[in-house]
Amino acid sequence: MADFKGYYNYYYYLCVFVILTTTTSCSMATTSPSDVIKGAYWPSGASDLPPSSIDTTLFTHIYYAFLSPNNVTFKFDISNSTASMLLDFTSTLHAKKPPVKTLFSIGGAGEDLSIFSKMVSSGHSRRSFIESSIEVARKFGFNGIDLDWESPQNPKEMENLGLLLHEWRAMVHKESKATGQAPLLLTAAMYFSVDFFLYDVQRSYPVDSIGKNLDWINAMCYDYHGGWETSTTGAQAALFDPKSNVSTSYGLQSWITAGLPPSKLIMGLPLYGRTWQLKDPRSHDVGAPTVGVGPGSDGVLTYSMVEAFNKVNNAMVVYDMETVSTYSIAGTSWIGYDDTKSTIVKIKFAQALGLREYFFWAVNGDYNWKISTQG
Ligand SMILES: *[C@@H]1O[C@H](CO)[C@@H](O)[C@H](O)[C@H]1NC(C)=O
Ligand SMILES: *[C@@H]1O[C@H](CO)[C@@H](O)[C@H](O)[C@H]1NC(C)=O
Ligand SMILES: *[C@@H]1O[C@H](CO)[C@@H](O)[C@H](O)[C@H]1NC(C)=O
C-alpha cells in the first residue's frame, strides 16, 4: 500500500512537472487555446446591464436566460416584447468588437419541472420541442441553444434526457446540412456532480449521450450551502471540502471519472454570495454557528452588492485557503462568496484538469468587471 502510494505520488509530481515545463500539458492536449470558452448568463431584462454594456473582450459566449416552452405544445410562444429583446440581444452582441457568440437558455431554476418531464416522455413532444427550439434560434440569429433543466428527478427522466439530446443533435445536424449554415451549438447547464448523491432518489446523468451529443456542459459549481441551512455558515462554492463531497473539485472530477471528456466540461463560477447571521461574531470561520440568513433577498447578494456592503460596513474580508473561498464579516453579518483571489485559484484548477474553462452566473453581478477579467 505504502509503495503504491509512493508510485502514485511520483507519477503525480511527474505530471505536474511536465505541465510546468512544457507548453502542452498532459491533460490539455485536447483543448487548444482558441477553443477556450469564457461564458456568462445574462438574466433577460437585466436593466442594470443591457447587452450593449457587456464588455465582450472578457467573454466568448453569452447566454440569454431564459425562455420557456409552452406547457402543452412544448413549442416556444414568443411574445412581441420578447421578440424585440431577443433581436436586440443577438444583434447587439454580434455587432460588438470583438463579437461574442450567443445562445438562448431554456428553463432555469424557477421553471416548472413538469414541463420537462412531460416533454421528454414521448417522441412526439420531444420533436415539437426540438423543432421549435431550432426555429427560434434561426429566427432570432442565435449561434446555439442551451438546456437548463434543474433537474431530472429520477433515472427514467435521466434516460429520457439522453434520448432528447440524441434526437436534438440529429435534428441540428440535419438542419445544418439542409440550410448550409454552421450547425447550432447545443449545450446544457447541469448539476455540479454527475450523481445526485445527496438525494433520496439516486440518479446519474446519461454521460454517454451527453458526451456524444452536446458541445459542452456548464457544471453549476455553486449553491452548495445557503440560508436553507440555518445553523452554520458555509462556502457556497467551495473548491475543496475536507469533510464532504459537496465541492467543485469532487463534482468536476466525478464528471471526468464517469467518462465526460474534460474538453466538454465547463466550471461554473458564481458572481454572487450567500449570507448568514452569526450567533457570535467572534466565531466566524466557515462552519461557524449561525441563527439564520443574513443581508440580501433570501440571503443572496451579487458580488457587486458584496463589494458595496464591505465598503459601507468596513467589513473584515477573509480568504479561506482550505475551501478556496472568501468571506466577509461586519457585526453579525457573514457573507460567503468568491473574490478575485479564490476565482484565480479555481480557474487554475480548471486549467490543470484540462477543462474547456468557465462560465459565470450571472454577468450583471460583477463589480467593474473585477472578477470577469481574472481569466
Ligand atoms: C400550463 O401553465 C398554465 C399557466 O401557468 C397553467 O395555468 C396550466 O395549469 C398549465 N397546464 C398544464 C397542463 O400544466
Ligand atoms: C406583434 O407584432 C406583429 C408583427 O409586427 C403585429 O402584427 C401584431 O399586431 C403584434 N401583436 C401585438 C399584441 O402587439
Ligand atoms: C465521497 O465519495 C466517495 C466515492 O466517490 C466515497 O467513497 C466517500 O465515502 C465519499 N465521502 C464522503 C465524506 O461522503
# chains A, B, ... in the order shown; residues from 1 in each chain; ligands from 1
>>> closest_atom_pairs(of="chain A", to="ligand 3", cutoff="9 Å", atoms="only C-alpha atoms and all ligand atoms", output="JSON lines")
{"residue": "A:Phe197", "atom": "CA", "partner": "ligand 3", "partner_atom_place_in_ligand_line": "2 (O)", "distance": 8.8}
{"residue": "A:Pro242", "atom": "CA", "partner": "ligand 3", "partner_atom_place_in_ligand_line": "13 (C)", "distance": 8.0}
{"residue": "A:Lys243", "atom": "CA", "partner": "ligand 3", "partner_atom_place_in_ligand_line": "13 (C)", "distance": 5.7}
{"residue": "A:Ser244", "atom": "CA", "partner": "ligand 3", "partner_atom_place_in_ligand_line": "13 (C)", "distance": 4.0}
{"residue": "A:Asn245", "atom": "CA", "partner": "ligand 3", "partner_atom_place_in_ligand_line": "1 (C)", "distance": 4.9}
{"residue": "A:Val246", "atom": "CA", "partner": "ligand 3", "partner_atom_place_in_ligand_line": "14 (O)", "distance": 8.4}
{"residue": "A:Tyr250", "atom": "CA", "partner": "ligand 3", "partner_atom_place_in_ligand_line": "1 (C)", "distance": 7.9}
{"residue": "A:Ser254", "atom": "CA", "partner": "ligand 3", "partner_atom_place_in_ligand_line": "5 (O)", "distance": 7.4}
>>> select_by_dssp(residues="range 119-299 of chain A", states="alpha helix (DSSP H)", output="number ranges by chain")
A: 119, 123-139, 155-179, 207-213, 248-257
>>> residues_near_ligand(ligand="ligand 1", cutoff="12 Å", atoms="only C-alpha atoms and all ligand atoms", output="MDAnalysis selection string")
chainID A and resid 68:74 111:119
>>> closest_residue(among="A:Ile130, A:Val36, A:Ser81, A:Phe140", to="ligand 2", atoms="only C-alpha atoms and all ligand atoms")
A:Ser81
>>> closest_atom_pairs(of="range 195-253 of chain A", to="range 278-301 of chain A", cutoff="6 Å", atoms="only C-alpha atoms", output="JSON lines")
{"residue": "A:Gly227", "atom": "CA", "partner": "A:Val293", "partner_atom": "CA", "distance": 4.9}
{"residue": "A:Thr230", "atom": "CA", "partner": "A:Gly292", "partner_atom": "CA", "distance": 4.9}
{"residue": "A:Ser231", "atom": "CA", "partner": "A:Thr290", "partner_atom": "CA", "distance": 4.8}
{"residue": "A:Thr232", "atom": "CA", "partner": "A:Pro289", "partner_atom": "CA", "distance": 4.5}
{"residue": "A:Thr233", "atom": "CA", "partner": "A:Gly287", "partner_atom": "CA", "distance": 4.7}
{"residue": "A:Gly234", "atom": "CA", "partner": "A:Val286", "partner_atom": "CA", "distance": 5.3}
>>> residues_near_ligand(ligand="ligand 2", cutoff="10 Å", atoms="only C-alpha atoms and all ligand atoms", output="list in words")
Ile78, Ser79, Asn80, Ser81, Ala83 and Ser84 of chain A
>>> write_last_selection(atoms="all heavy atoms", output="PDB file, in the first residue's frame")
ATOM      1  N   ILE A  78     -43.371  33.088 -28.599  1.00  0.00           N
ATOM      2  CA  ILE A  78     -42.563  34.292 -28.333  1.00  0.00           C
ATOM      3  C   ILE A  78     -43.446  35.532 -28.494  1.00  0.00           C
ATOM      4  O   ILE A  78     -43.956  35.792 -29.582  1.00  0.00           O
ATOM      5  CB  ILE A  78     -41.370  34.372 -29.312  1.00  0.00           C
ATOM      6  CG1 ILE A  78     -40.568  33.056 -29.313  1.00  0.00           C
ATOM      7  CG2 ILE A  78     -40.484  35.574 -28.987  1.00  0.00           C
ATOM      8  CD1 ILE A  78     -39.728  32.802 -28.097  1.00  0.00           C
ATOM      9  N   SER A  79     -43.624  36.273 -27.399  1.00  0.00           N
ATOM     10  CA  SER A  79     -44.432  37.499 -27.472  1.00  0.00           C
ATOM     11  C   SER A  79     -43.644  38.566 -28.228  1.00  0.00           C
ATOM     12  O   SER A  79     -42.424  38.454 -28.390  1.00  0.00           O
ATOM     13  CB  SER A  79     -44.742  37.997 -26.061  1.00  0.00           C
ATOM     14  OG  SER A  79     -43.555  38.482 -25.468  1.00  0.00           O
ATOM     15  N   ASN A  80     -44.352  39.616 -28.634  1.00  0.00           N
ATOM     16  CA  ASN A  80     -43.658  40.677 -29.373  1.00  0.00           C
ATOM     17  C   ASN A  80     -42.567  41.340 -28.532  1.00  0.00           C
ATOM     18  O   ASN A  80     -41.510  41.673 -29.052  1.00  0.00           O
ATOM     19  CB  ASN A  80     -44.653  41.745 -29.851  1.00  0.00           C
ATOM     20  CG  ASN A  80     -45.439  41.264 -31.064  1.00  0.00           C
ATOM     21  OD1 ASN A  80     -45.337  40.101 -31.453  1.00  0.00           O
ATOM     22  ND2 ASN A  80     -46.223  42.155 -31.651  1.00  0.00           N
ATOM     23  N   SER A  81     -42.833  41.518 -27.252  1.00  0.00           N
ATOM     24  CA  SER A  81     -41.820  42.208 -26.437  1.00  0.00           C
ATOM     25  C   SER A  81     -40.595  41.300 -26.257  1.00  0.00           C
ATOM     26  O   SER A  81     -39.457  41.783 -26.290  1.00  0.00           O
ATOM     27  CB  SER A  81     -42.399  42.623 -25.084  1.00  0.00           C
ATOM     28  OG  SER A  81     -42.842  41.489 -24.386  1.00  0.00           O
ATOM     29  N   ALA A  83     -39.694  39.038 -28.435  1.00  0.00           N
ATOM     30  CA  ALA A  83     -39.048  39.003 -29.756  1.00  0.00           C
ATOM     31  C   ALA A  83     -38.094  40.187 -29.917  1.00  0.00           C
ATOM     32  O   ALA A  83     -36.965  40.025 -30.389  1.00  0.00           O
ATOM     33  CB  ALA A  83     -40.098  39.013 -30.861  1.00  0.00           C
ATOM     34  N   SER A  84     -38.526  41.370 -29.475  1.00  0.00           N
ATOM     35  CA  SER A  84     -37.625  42.515 -29.689  1.00  0.00           C
ATOM     36  C   SER A  84     -36.425  42.424 -28.756  1.00  0.00           C
ATOM     37  O   SER A  84     -35.317  42.836 -29.116  1.00  0.00           O
ATOM     38  CB  SER A  84     -38.357  43.856 -29.569  1.00  0.00           C
ATOM     39  OG  SER A  84     -38.956  43.959 -28.322  1.00  0.00           O
TER      40      SER A  84
END
>>> select_by_dssp(residues="range 83-226 of chain A", states="strand (DSSP E or B)", output="list of chain:residue names")
A:Lys101, A:Thr102, A:Leu103, A:Phe104, A:Ser105, A:Ile106, A:Gly107, A:Gly144, A:Ile145, A:Asp146, A:Leu147, A:Asp148, A:Leu185, A:Leu186, A:Thr187, A:Ala188, A:Ala189, A:Met190, A:Tyr191, A:Asp195, A:Ser204, A:Trp216, A:Ile217, A:Asn218, A:Ala219, A:Met220
>>> atom_distance(atom1="CA of Ile106 in chain A", atom2="CA of Leu87 in chain A")
16.6 Å
>>> residues_around(residues="Ser204 in chain A", least_positions_apart="3", cutoff="12 Å", atoms="only C-alpha atoms", output="ChimeraX atom specification")
/A:151-159,161-162,190-199,201,207-208,210,254-255,258
>>> write_last_selection(atoms="C-alpha atoms", output="PDB file, in the first residue's frame")
ATOM      1  CA  SER A 151     -33.049  18.838 -12.767  1.00  0.00           C
ATOM      2  CA  PRO A 152     -34.262  15.438 -13.973  1.00  0.00           C
ATOM      3  CA  GLN A 153     -35.837  13.827 -10.900  1.00  0.00           C
ATOM      4  CA  ASN A 154     -35.325  10.098 -11.394  1.00  0.00           C
ATOM      5  CA  PRO A 155     -33.489   7.515 -13.526  1.00  0.00           C
ATOM      6  CA  LYS A 156     -36.308   7.394 -16.103  1.00  0.00           C
ATOM      7  CA  GLU A 157     -36.107  11.153 -16.697  1.00  0.00           C
ATOM      8  CA  MET A 158     -32.330  10.857 -16.997  1.00  0.00           C
ATOM      9  CA  GLU A 159     -32.797   8.171 -19.652  1.00  0.00           C
ATOM     10  CA  LEU A 161     -32.873  13.278 -21.337  1.00  0.00           C
ATOM     11  CA  GLY A 162     -30.370  11.043 -23.108  1.00  0.00           C
ATOM     12  CA  MET A 190     -26.060  20.629 -15.200  1.00  0.00           C
ATOM     13  CA  TYR A 191     -25.604  19.755 -11.530  1.00  0.00           C
ATOM     14  CA  PHE A 192     -22.059  20.147 -10.167  1.00  0.00           C
ATOM     15  CA  SER A 193     -21.725  16.373  -9.863  1.00  0.00           C
ATOM     16  CA  VAL A 194     -22.657  13.601 -12.288  1.00  0.00           C
ATOM     17  CA  ASP A 195     -24.543  11.814  -9.481  1.00  0.00           C
ATOM     18  CA  PHE A 196     -27.275  13.235  -7.257  1.00  0.00           C
ATOM     19  CA  PHE A 197     -25.691  11.586  -4.226  1.00  0.00           C
ATOM     20  CA  LEU A 198     -27.349  13.880  -1.653  1.00  0.00           C
ATOM     21  CA  TYR A 199     -30.883  12.938  -2.687  1.00  0.00           C
ATOM     22  CA  VAL A 201     -33.830   9.314  -5.364  1.00  0.00           C
ATOM     23  CA  VAL A 207     -22.908  10.739 -19.677  1.00  0.00           C
ATOM     24  CA  ASP A 208     -22.618   8.742 -22.877  1.00  0.00           C
ATOM     25  CA  ILE A 210     -24.102  13.997 -23.174  1.00  0.00           C
ATOM     26  CA  SER A 254     -16.938  12.942 -10.920  1.00  0.00           C
ATOM     27  CA  TRP A 255     -17.883  14.041 -14.439  1.00  0.00           C
ATOM     28  CA  ALA A 258     -17.784   8.996 -15.438  1.00  0.00           C
TER      29      ALA A 258
END
